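Report on the structure given below.
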Amino acid sequence: MLLMKDVIQDGHPTLRQRAKDVVLPLSQEDFFTLREMMELVENSQDDELVEQYDLRPSVGLAAPQINISKKMFVMKAMDETFEKEYQYAIVNPKIVSMSEELTYLPGGEGCLSEPEDVSGLVKRAKRIKAKVHLVNLETGETKETLLKLSGYPGIVFQHEYDHLLGIMFVDKISEQLPDIEPIHFRVEE
């Protein structure tokens, strides 16, 4: 089981490298790694397990963050309306188009590979399309598909994708974001 001690921190050279393509079909080792990565993200969304294992809440994790320089990441995030969950294990993604329209998280982005108190506003494309290989975490089978994401899940995807390019969100922090519409989360009443 992966824990916070397994997540490397900014300053580690692996986080600044461009990750290598994942060989397909997926090896048992890569499949096991993706399952462990998803388990960490899922555990980090369970209040009891967060307390028990001293985890930080997260919605995504890229392989370079656990010192594996391969193009793969996992994400598990709700949309802004809290109606649809986007849970993916992804290998060899390539963003093929991005909207000119930008957005950002009003509370700022954070990252498991940065100190907990480090956050910042980052301009992101409001909508993206990406060619990816989705991995079934039950069978290990992969399926090439075109993902279309917008809003919060799109931001999560772009954040994790940047890790595969050796880019950290702190590299993209903006002090001011004039005329950009933030993501609006529906507030539960």
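A note on labels: chains of the structure tokens are A, B, ... as shown, every chain counts residues from 1, and ligands are counted from 1 in their shown order.
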
### Query
Could you pull the residues within 9 Å of region 23-38 of chain A, counting only C-alpha atoms, minus those fewer than 3 positions along the same chain, as a ChimeraX atom specification?
/A:1-2,41-43,60-63,66,72-76,87-90,92,135,137-138,140-142

DSSP on the backbone: what in chain A comes out helix (DSSP H, G or I), as a short mmCIF file (atom, residue, chain, number, x, y, z; two decimals) with C-alpha atoms, in the first residue's frame?
data_model
loop_
_atom_site.label_atom_id
_atom_site.label_comp_id
_atom_site.auth_asym_id
_atom_site.auth_seq_id
_atom_site.Cartn_x
_atom_site.Cartn_y
_atom_site.Cartn_z
CA MET A 4 2.64 9.69 1.82
CA LYS A 5 6.26 8.63 2.42
CA ASP A 6 6.19 7.10 -1.10
CA PRO A 13 14.96 15.20 -10.14
CA THR A 14 12.33 12.69 -11.33
CA LEU A 15 9.62 15.35 -11.00
CA ARG A 16 11.40 17.55 -13.55
CA GLN A 28 2.07 -6.77 -14.67
CA GLU A 29 4.36 -4.33 -12.87
CA ASP A 30 2.76 -1.25 -14.49
CA PHE A 31 -0.73 -2.66 -13.89
CA PHE A 32 0.09 -3.26 -10.21
CA THR A 33 1.56 0.25 -9.91
CA LEU A 34 -1.59 1.84 -11.37
CA ARG A 35 -3.76 -0.14 -8.96
CA GLU A 36 -1.63 1.01 -6.02
CA MET A 37 -1.80 4.60 -7.22
CA MET A 38 -5.60 4.47 -7.46
CA GLU A 39 -5.77 2.85 -4.03
CA LEU A 40 -3.82 5.80 -2.56
CA VAL A 41 -6.17 8.33 -4.18
CA GLU A 42 -9.26 6.40 -3.05
CA ASN A 43 -7.89 6.01 0.48
CA ASP A 47 -11.81 10.40 6.24
CA GLU A 48 -11.11 7.37 8.46
CA LEU A 49 -8.19 6.17 6.30
CA VAL A 50 -6.82 9.73 6.04
CA GLU A 51 -6.66 9.80 9.83
CA GLN A 52 -5.39 6.23 10.23
CA TYR A 53 -2.56 6.49 7.66
CA ALA A 63 3.69 7.96 -11.70
CA PRO A 64 6.58 10.48 -11.53
CA GLN A 65 5.27 11.48 -8.09
CA ILE A 66 6.17 8.00 -6.82
CA GLY A 151 -14.38 22.10 -15.80
CA TYR A 152 -12.92 20.52 -12.68
CA PRO A 153 -12.16 17.05 -14.17
CA GLY A 154 -10.40 18.84 -17.04
CA ILE A 155 -8.26 20.79 -14.57
CA VAL A 156 -7.36 17.59 -12.69
CA PHE A 157 -6.36 15.92 -15.98
CA GLN A 158 -4.19 18.89 -17.02
CA HIS A 159 -2.49 19.00 -13.59
CA GLU A 160 -1.57 15.29 -13.75
CA TYR A 161 -0.61 15.53 -17.43
CA ASP A 162 1.85 18.32 -16.57
CA HIS A 163 3.62 15.91 -14.19
CA LEU A 164 4.39 13.68 -17.19
CA PHE A 169 1.74 23.54 -10.91
CA VAL A 170 3.92 26.02 -8.97
CA ASP A 171 5.64 26.79 -12.31
CA LYS A 172 2.33 28.11 -13.63
#

### Contact residues around Glu83 (chain A) with only C-alpha atoms at 12 Å, ignoring same-chain residues under 5 positions, as an MDAnalysis selection string
chainID A and resid 77:78 185:186 188

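Among A:Glu109, A:Glu144, A:Asp21, A:Glu114, the residue with the shortest atom-to-atom distance to Ile8 (chain A), counting only C-alpha atoms, is A:Glu114.
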
### Task
Can you check which residues of chain A DSSP gives as strand (DSSP E) on the backbone and send them as a PyMOL selection string?
chain A and resi 60-62+72-78+85-98+102-103+124-125+127-135+142-150

Take the residues that were just selected and, keeping N, CA and C atoms, output them as a CSV table (one decimal), in the first residue's frame.
chain,number,residue,atom,x,y,z
A,60,GLY,N,-5.8,13.0,-7.7
A,60,GLY,CA,-5.0,12.4,-8.7
A,60,GLY,C,-3.6,12.2,-8.3
A,61,LEU,N,-2.9,11.3,-9.0
A,61,LEU,CA,-1.5,11.0,-8.8
A,61,LEU,C,-0.9,10.5,-10.0
A,62,ALA,N,0.3,11.1,-10.4
A,62,ALA,CA,1.0,10.7,-11.6
A,62,ALA,C,2.2,9.8,-11.1
A,72,MET,N,1.9,7.7,-17.0
A,72,MET,CA,0.7,7.1,-16.5
A,72,MET,C,0.3,7.9,-15.2
A,73,PHE,N,-1.0,8.0,-15.1
A,73,PHE,CA,-1.6,8.7,-13.9
A,73,PHE,C,-3.0,8.2,-13.6
A,74,VAL,N,-3.5,8.4,-12.4
A,74,VAL,CA,-4.8,8.1,-12.1
A,74,VAL,C,-5.5,9.4,-11.6
A,75,MET,N,-6.8,9.4,-11.7
A,75,MET,CA,-7.6,10.5,-11.2
A,75,MET,C,-9.0,10.0,-10.7
A,76,LYS,N,-9.5,10.6,-9.7
A,76,LYS,CA,-10.8,10.3,-9.2
A,76,LYS,C,-11.4,11.6,-8.7
A,77,ALA,N,-12.3,12.2,-9.5
A,77,ALA,CA,-12.8,13.5,-9.1
A,77,ALA,C,-14.2,13.6,-9.5
A,78,MET,N,-15.0,14.4,-8.8
A,78,MET,CA,-16.4,14.7,-9.1
A,78,MET,C,-16.4,16.0,-10.0
A,85,GLU,N,-18.9,11.3,-11.4
A,85,GLU,CA,-17.5,11.0,-11.0
A,85,GLU,C,-16.7,10.6,-12.2
A,86,TYR,N,-15.5,11.1,-12.2
A,86,TYR,CA,-14.5,10.8,-13.3
A,86,TYR,C,-13.4,10.0,-12.7
A,87,GLN,N,-13.4,8.7,-12.9
A,87,GLN,CA,-12.3,7.9,-12.3
A,87,GLN,C,-11.7,7.1,-13.4
A,88,TYR,N,-10.4,7.4,-13.6
A,88,TYR,CA,-9.6,6.9,-14.7
A,88,TYR,C,-8.2,6.5,-14.3
A,89,ALA,N,-7.7,5.4,-14.9
A,89,ALA,CA,-6.3,5.0,-14.9
A,89,ALA,C,-5.9,5.2,-16.3
A,90,ILE,N,-4.9,6.0,-16.5
A,90,ILE,CA,-4.6,6.5,-17.9
A,90,ILE,C,-3.1,6.3,-18.2
A,91,VAL,N,-2.8,5.7,-19.4
A,91,VAL,CA,-1.4,5.6,-19.8
A,91,VAL,C,-1.3,6.3,-21.2
A,92,ASN,N,-0.1,6.8,-21.4
A,92,ASN,CA,0.3,7.5,-22.7
A,92,ASN,C,-0.7,8.5,-23.2
A,93,PRO,N,-1.1,9.5,-22.3
A,93,PRO,CA,-2.0,10.5,-22.8
A,93,PRO,C,-1.4,11.5,-23.7
A,94,LYS,N,-2.2,12.1,-24.6
A,94,LYS,CA,-1.7,13.2,-25.4
A,94,LYS,C,-2.9,14.1,-25.6
A,95,ILE,N,-2.7,15.3,-25.1
A,95,ILE,CA,-3.8,16.3,-25.3
A,95,ILE,C,-3.7,16.8,-26.7
A,96,VAL,N,-4.9,16.6,-27.4
A,96,VAL,CA,-4.9,16.9,-28.9
A,96,VAL,C,-5.6,18.3,-29.2
A,97,SER,N,-6.4,18.8,-28.2
A,97,SER,CA,-6.9,20.1,-28.4
A,97,SER,C,-7.3,20.7,-27.0
A,98,MET,N,-7.2,22.0,-27.0
A,98,MET,CA,-7.6,22.7,-25.7
A,98,MET,C,-8.4,24.0,-26.1
A,102,LEU,N,-10.3,30.0,-20.9
A,102,LEU,CA,-9.6,29.5,-19.7
A,102,LEU,C,-10.4,29.5,-18.5
A,103,THR,N,-10.0,28.8,-17.5
A,103,THR,CA,-10.6,28.8,-16.2
A,103,THR,C,-9.6,28.5,-15.1
A,124,ARG,N,-6.0,27.3,-16.7
A,124,ARG,CA,-6.1,26.0,-17.4
A,124,ARG,C,-7.1,26.2,-18.5
A,125,ALA,N,-7.0,25.4,-19.5
A,125,ALA,CA,-8.0,25.3,-20.6
A,125,ALA,C,-9.4,24.9,-19.9
A,127,ARG,N,-11.8,23.4,-21.6
A,127,ARG,CA,-12.2,22.1,-22.2
A,127,ARG,C,-10.9,21.6,-22.9
A,128,ILE,N,-10.8,20.3,-22.8
A,128,ILE,CA,-9.7,19.6,-23.5
A,128,ILE,C,-10.2,18.3,-24.1
A,129,LYS,N,-9.5,17.9,-25.1
A,129,LYS,CA,-9.6,16.6,-25.7
A,129,LYS,C,-8.3,15.9,-25.7
A,130,ALA,N,-8.3,14.6,-25.3
A,130,ALA,CA,-7.0,13.9,-25.2
A,130,ALA,C,-7.2,12.5,-25.6
A,131,LYS,N,-6.2,12.0,-26.4
A,131,LYS,CA,-6.1,10.6,-26.8
A,131,LYS,C,-5.4,9.9,-25.6
A,132,VAL,N,-6.0,8.9,-25.1
A,132,VAL,CA,-5.5,8.1,-24.0
A,132,VAL,C,-5.7,6.6,-24.1
A,133,HIS,N,-4.9,5.9,-23.3
A,133,HIS,CA,-5.2,4.5,-23.2
A,133,HIS,C,-5.8,4.3,-21.8
A,134,LEU,N,-7.1,4.0,-21.7
A,134,LEU,CA,-7.7,3.8,-20.4
A,134,LEU,C,-7.4,2.4,-19.9
A,135,VAL,N,-7.1,2.2,-18.7
A,135,VAL,CA,-6.8,0.9,-18.1
A,135,VAL,C,-7.9,0.4,-17.2
A,142,THR,N,-6.4,-2.5,-21.8
A,142,THR,CA,-6.3,-1.1,-22.1
A,142,THR,C,-7.2,-0.9,-23.4
A,143,LYS,N,-7.8,0.3,-23.4
A,143,LYS,CA,-8.6,0.7,-24.6
A,143,LYS,C,-8.2,2.1,-24.9
A,144,GLU,N,-7.9,2.3,-26.2
A,144,GLU,CA,-7.6,3.7,-26.7
A,144,GLU,C,-8.9,4.4,-26.9
A,145,THR,N,-8.9,5.6,-26.4
A,145,THR,CA,-10.1,6.4,-26.6
A,145,THR,C,-9.8,7.9,-26.6
A,146,LEU,N,-10.8,8.7,-27.0
A,146,LEU,CA,-10.7,10.1,-27.0
A,146,LEU,C,-11.5,10.6,-25.8
A,147,LEU,N,-10.8,11.2,-24.8
A,147,LEU,CA,-11.5,11.8,-23.7
A,147,LEU,C,-11.8,13.2,-23.9
A,148,LYS,N,-13.1,13.6,-23.6
A,148,LYS,CA,-13.4,15.0,-23.7
A,148,LYS,C,-13.8,15.5,-22.2
A,149,LEU,N,-13.0,16.4,-21.7
A,149,LEU,CA,-13.2,16.8,-20.3
A,149,LEU,C,-13.3,18.3,-20.2
A,150,SER,N,-14.1,18.8,-19.3
A,150,SER,CA,-14.3,20.2,-19.1
A,150,SER,C,-14.4,20.5,-17.6
